[in-house]
Structures are given as C-alpha cells and as structure tokens.
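Reviewing the structure listed below.
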Amino acid sequence: MDMNFILDSIPIYGKAAWLTLWTGAAGIILSFVTGFICALVQYFKIPYARRVVGMYIELSRNTPLLIQLYFLYFGLPKLGVMLSGETCAVIGLTFLGGSYMAEAIRSGLESVEAIQFQSGLSLGLSKSQVTRYIISPQAFLTAMPALLANAVFLIKETSLFSAIAVKDLMFVALYQLGNVYKTEEIFLILIGFYLLILLPLTIIAGIAERRMQRVKYGV
Amino acid sequence: MSNTGFEILLNSKTWLRLIEGLWVTLRISLITVLISVVLGLILGIIASRKNLFGRVLCRVHLETVRIVPQLVLLFVAFFGLPRLYNIQISAESVAIMVFAFWASGEMGDLVRGAIISIPPHQTQSGLALGLANRQIFTYIILPQTVRRLIPPAINLITRVVKTTSLVSLIGMVDVFKVGKQIIDFNRFEYPGGAFWIYAVIFFLYFAICYPISKLSRRLEKRWKI
C-alpha cells in the first residue's frame with residue numbers, strides 16, 4: 001500500500017467526485033421535476049398526454065442507461081445534434097430517473113384517499129389548490145423513502161458517465177489503472193469516495209423509511 | 001449527400017451479428033438469474049431468521065451491493081482478482097460472478113420482504129391446529145411467500161438484463177460491443193450508421209425487457225391480496 005500515492009491522488013479524485021456530485025444532483029433534481037409532471041398527468045388522467053407519459057415510462061424503464069447515453073453522445077451527432085459529455089450525462093440521467101421518480105410520486109399521490117380531494121373541493125378550494133396544499137404534501141411524505149432510494153440509485157448510475165468521456169470518479173480510476181499500476185490503492189480510493197457520497201444518503205433514506213413506518217402504523 | 005446511414009440496417013450481416021451479440025447478453029443474464037435465485041432464496045431465508053450473525057452478514061452484503069455501483073464491482077473483480085490473488089478467469093466468468101453477487105443480494109431482500117410480510121397469526125394458527133414447524137413452512141408460509149415474491153423477482157430479471165450491458169466495458173463482445181464494431185467497420189461507407197445502430201440496440205433491449213416487466217405487473221395485479 002503506497003500511502004504517498006493515495007495522498008497525492010486525493011485532490012484529483014476530489015475534483016472528479018465534485019463532477020459526480022453535481023451531475024448526479026442536476027440529474028436527480030431534473031428527474032424529480034420530470035417525474036412530478038408525469039405523475040400529475042397520470043393522476044389526473046389527462047387525455048393524450050397520459051399515453052405519451054405511459055410510453056415514455058416504459059421506454060425509459062426497459063432500456064439500459066448505457067445505451068441511452070451512447071445514443072445521445074454518439075448517435076445524435078449524426079443528425080446534427082452535438083451535445084457535450086456532461087450535457088448528455090445529465091439528459092440521460094434525467095431520462096432514466098424521470099420514470100422512476102414518476103412511479104414513486106404517483107404511488108404517493110394514489111395513497112392519499114379520494115375523500116381528501118372531495119373534502120377540499122367541497123370546502124370551495126380549486127383543483128390546483130387542493131393539489132398544492134392537501135394532496136401533494138401528504139403524497140411527498142409517503143413517497144419520500146422511495147424518492148431517496150431513487151436518488152441513491154441515480155448517483156450509482158453516474159459511474160457509467162465514464163463511458164462517454166465525462167471525467168467522473170470512475171473515469172479517473174480507469175485512467176490511473178492504465179497509467180500507474182497501483183490497482184489496490186486506486187480501488188481503495190474509488191470505493192472510499194463512493195462511500196463518502198452515498199453512505200450519508202443511504203443512512204438518511206433508512207431514517208426516513210423508519211419514520212414513515214412510524215407515521216403510518218403509529219408504533 | 002443523401003447517405004444517412006440507414007442503409008447499414010439493410011445489410012443482413014448487420015442483423016446476424018447483432019443477434020449473435022444478443023445471445024451473449026441473454027446467456028449471461030440467464031446464468032446470472034439462475035444463480036441469484038438460488039443464492040437469493042438462501043440469503044433471504046437466513047435474513048428473515050432470528051440468528052443475529054446470519055442477519056448481520058446478509059445486511060452487510062445487501063448494503064455493499066446497494067451502495068457500490070455495479071460498474072465499480074465489475075472493475076474491481078476484473079482487474080483486482082488477477083492482481084491480488086493471482087486468479088485468472090475469463091471476462092464472462094467475472095461478469096457472471098459480479099452480477100450474481102449483486103443480484104443475489106437484491107433477490108435476498110425481496111425474499112426477506114415477502115417472508116416477513118406474512119402476518120404472524122398465520123404461523124400461530126398453524127401451531128394451534130397442531131402442525132409441525134416444517135409443515136407450517138411448507139404448506140402455509142411458502143405458498144403465500146411465492147405469490148408475493150414472483151412479481152418483483154420477475155422485475156429483477158429486467159434489471160439483470162439491463163445491467164449486463166456493462167460487460168462491453170470489460171471487453172466482452174455482447175450486443176452493444178457488436179454494434180460498436182459494426183459502426184467502426186462501416187465508418188467510411190456509412191458515416192451516419194451510429195444513429196441507426198444505437199437506435200436498433202435501444203429497441204432490442206426494450207423488446208426483451210418490456211414483455212417481462214409487463215408480465216410482472218400483470219401477475220402483481222392478479223395476485224393482489
């Protein structure tokens with residue numbers, strides 16, 4: 001184990017971790033927005049749009065992210081659409097994550113009883129007010145564990161970005177593997193950094209899940 | 001130039017080679033699924049028991065595969081095993097090992113979830129009727145568990161199929177790598193081929209995974225308790 005090598009490499013990995021973090025965060029936020037819109041379309045059964053959303057969810061859930069990224073990065077330029085690696089990464093992650101978030105939010109929305117909606121309407125609130133102030137807060141609370149699990153899943157998936165030349169943690173590790181033959185040290189740093197990013201998130205997700213169960217069953 | 005690269009799909013050799021690659025993808029997925037169903041059942045039963053040691057071990061395994069990205073696991077096994085332990089194995093064996101390691105953890109969690117979702121009064125009623133523990137497990141717990149388990153387990157298959165696309169990154173020639181080779185080979189003749197080939201691979205994966213996830217959802221609806 002070469003401690004000096006590890007200490008020297010940490011700044012490079014730190015930079016890469018930052019890239020992993022911000023592409024991941026951007027992807028998660030955008031997928032959340034996409035997912036929320038899709039979930040609302042399905043919840044309110046908006047004609048036509050509902051079909052499109054259904055098709056999008058099936059396409060996104062049943063294809064691997066790697067293919068989605070390659071299609072964006074290597075396929076689209078042939079049609080004249082040139083995007084940078086980072087843009088492709090965020091778009092790809094959003095395309096994938098949007099459907100997962102949509103499913104989580106939709107089941108959250110559906111878990112709120114219909115009587116709540118009707119009561120809101122009978123109190124004279126408009127449809128959008130009922131959604132904003134009564135349904136959504138409850139739905140998000142119920143969906144929180146699933147949403148956090150999706151966030152962990154999406155950050156994990158960012159490791160594929162290295163395949164389209166985005167210089168994330170995985171990319172730096174692969175580069176170093178080919179240049180300095182310090183396999184053990186490189187993997188140690190790599191896994192260490194992923195743990196650093198994902199462990200707090202998984203712990204929060206675990207706490208959220210236990211809290212939710214307590215809220216639900218009153219134990 | 002009217003050459004959009006679409007012509008690349010009119011070549012029958014393109015399709016033959018893609019199907020060859022698809023077979024590799026399916027073979028790895030199938031073996032992985034078989035191994036992880038067996039291991040997952042064992043892990044899940046251990047995790048649902050009261051034995052603390054077994055439970056902790058399963059938990060650590062599950063958290064490891066949940067936190068460390070599959071690609072990292074794949075590279076660690078592919079580059080690390082030969083170096084650390086001087087074990088030389090083919091990329092395919094490494095891929096199957098890593099995916100089975102990951103999928104058996106996920107499967108184990110599904111099994112555990114299905115077992116503990118059976119209310120305890122089922123066991124108690126069985127005992128009150130004078131059944132032995134073994135009988136309660138085989139005739140009461142197991143049939144109900146299987147019903148709750150099969151829909152999510154089928155869904156896990158689609159995840160395995162999707163994850164196998166990573167093997168191209170450790171040098172295996174699966175459907176994805178074949179596509180790349182076709183694109184590179186026709187770079188000058190059909191420069192626009194990349195768009196079409198990746199589009200075809202996209203839909204090939206969809207064509208495999210969509211029916212499976214549809215089946216999973218249908219069973220879930222039918223067996224809803």
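Identifiers for the structure tokens are assigned positionally: chains receive A, B, ... in sequence, residues are indexed from 1 per chain, and ligands are indexed from 1 in the order shown.
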
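For chain B, the residues no farther than 6 Å from chain A when using only C-alpha atoms are Pro69, Lys162, Gly192, Ala194, Phe195, Tyr198, Tyr205, Phe206, Cys209 and Tyr210 of chain B.
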
Write the residues of the preceding selection, restricted to N, CA, C and O atoms, as a tab-separated table (two decimals), in the first residue's frame.
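Below is the file part23.tsv, written as the result:
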chain	number	residue	atom	x	y	z
B	69	PRO	N	-21.46	1.01	-6.88
B	69	PRO	CA	-22.02	0.83	-8.23
B	69	PRO	C	-21.58	-0.49	-8.86
B	69	PRO	O	-20.45	-0.94	-8.63
B	162	LYS	N	-30.67	-5.43	-18.14
B	162	LYS	CA	-30.17	-4.08	-18.40
B	162	LYS	C	-28.74	-3.93	-17.90
B	162	LYS	O	-27.91	-3.30	-18.56
B	192	GLY	N	-23.16	7.82	-41.06
B	192	GLY	CA	-24.30	8.10	-40.18
B	192	GLY	C	-24.84	6.87	-39.50
B	192	GLY	O	-25.89	6.91	-38.85
B	194	ALA	N	-24.06	5.23	-36.88
B	194	ALA	CA	-24.11	5.15	-35.41
B	194	ALA	C	-25.53	5.39	-34.90
B	194	ALA	O	-26.01	4.68	-34.02
B	195	PHE	N	-26.19	6.38	-35.49
B	195	PHE	CA	-27.55	6.72	-35.03
B	195	PHE	C	-28.47	5.51	-35.13
B	195	PHE	O	-29.17	5.14	-34.19
B	198	TYR	N	-27.41	2.37	-32.82
B	198	TYR	CA	-27.75	2.55	-31.41
B	198	TYR	C	-29.26	2.56	-31.21
B	198	TYR	O	-29.76	2.07	-30.20
B	205	TYR	N	-33.17	-4.02	-26.60
B	205	TYR	CA	-33.28	-4.14	-25.15
B	205	TYR	C	-34.73	-3.96	-24.72
B	205	TYR	O	-35.24	-4.69	-23.88
B	206	PHE	N	-35.38	-2.98	-25.34
B	206	PHE	CA	-36.78	-2.72	-24.99
B	206	PHE	C	-37.63	-3.94	-25.31
B	206	PHE	O	-38.47	-4.35	-24.51
B	209	CYS	N	-37.03	-6.50	-22.51
B	209	CYS	CA	-37.43	-6.16	-21.14
B	209	CYS	C	-38.92	-5.82	-21.01
B	209	CYS	O	-39.52	-6.09	-19.97
B	210	TYR	N	-39.51	-5.25	-22.05
B	210	TYR	CA	-40.89	-4.80	-21.93
B	210	TYR	C	-41.86	-5.94	-21.61
B	210	TYR	O	-42.64	-5.84	-20.66

Test item: residues at most 7 Å from segment 41-49 of chain A, only C-alpha atoms, excluding those fewer than 4 positions along its chain, as an mmCIF file with N, CA and C atoms, in the first residue's frame:
data_model
loop_
_atom_site.group_PDB
_atom_site.id
_atom_site.type_symbol
_atom_site.label_atom_id
_atom_site.label_comp_id
_atom_site.auth_asym_id
_atom_site.auth_seq_id
_atom_site.Cartn_x
_atom_site.Cartn_y
_atom_site.Cartn_z
ATOM 1 N N ILE A 37 -44.203 16.027 -12.965
ATOM 2 C CA ILE A 37 -45.121 16.381 -14.060
ATOM 3 C C ILE A 37 -45.809 15.117 -14.596
ATOM 4 N N VAL A 53 -46.933 9.920 -21.690
ATOM 5 C CA VAL A 53 -46.200 9.654 -20.449
ATOM 6 C C VAL A 53 -46.028 8.153 -20.236
ATOM 7 N N ARG A 106 -46.327 8.936 -8.149
ATOM 8 C CA ARG A 106 -47.694 8.524 -8.471
ATOM 9 C C ARG A 106 -48.264 7.621 -7.374
#

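Remark: for Arg49 of chain B, the closest of the candidate residues B:Ile115, B:Ile96, B:Ala77, B:Val33 is B:Ile115 (distances computed over only C-alpha atoms).
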
At a cut-off of 9 Å, using only C-alpha atoms, what residues contact segment 22-30 of chain A? Leave out same-chain residues fewer than 6 positions from it and give the result as a CSV table (one decimal) with C-alpha atoms, in the first residue's frame.
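Contents of around-v3.csv, as written:
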chain,number,residue,atom,x,y,z
A,86,GLU,CA,-21.8,16.5,-19.4
A,87,THR,CA,-25.0,17.6,-21.1
A,89,ALA,CA,-24.9,12.7,-19.0
A,90,VAL,CA,-27.5,15.0,-17.3
A,91,ILE,CA,-30.1,14.4,-20.0
A,92,GLY,CA,-29.5,10.7,-20.0
A,93,LEU,CA,-29.8,10.5,-16.2
A,94,THR,CA,-33.0,12.6,-16.3
A,95,PHE,CA,-34.5,10.4,-19.0
A,97,GLY,CA,-34.6,8.9,-13.5
A,98,GLY,CA,-37.8,10.7,-14.6
A,101,MET,CA,-39.5,9.3,-9.8
A,150,ASN,CA,-34.1,6.5,-6.3
A,151,ALA,CA,-31.6,9.3,-5.6
A,154,LEU,CA,-29.2,7.5,-9.8
A,155,ILE,CA,-25.9,8.6,-8.2
A,156,LYS,CA,-24.7,5.0,-8.5
A,157,GLU,CA,-25.6,5.1,-12.2
A,158,THR,CA,-23.4,8.1,-12.7

- Message: Taking only segment 65-211 of chain A into account, list the residues labelled alpha helix (DSSP H) by DSSP (computed from the backbone), as number ranges by chain.
- Response: A: 65-70, 85-111, 114-122, 127-129, 136-157, 169-179, 183-211

- Note on the structure: Using only C-alpha atoms, the residue out of B:Ala199, B:Val65, B:Ile212, B:Leu30 with shortest distance to Phe101 of chain B is B:Val65

- Message: Env of Gly108 of chain B: 12 Å cut, atoms = only C-alpha atoms, seq-sep filter 5 positions within chain, self excluded. Answer as a ChimeraX atom specification.
- Response: /B:35-48,55,57-59,61-63,65,100-103,113-115,149,152-153,156

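When only C-alpha atoms are used to compute distances to Gln70 of chain B, the closest of the residues B:Val111, B:Leu10, B:Leu142, B:Val160 turns out to be B:Val160.
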
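One finds atom CA of Ile170 of chain B at 24.7 Å from atom CA of Ile6 of chain A.
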
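Of note, atom CA of Ala17 of chain A and atom CA of Leu71 of chain B are spaced 15.9 Å apart.
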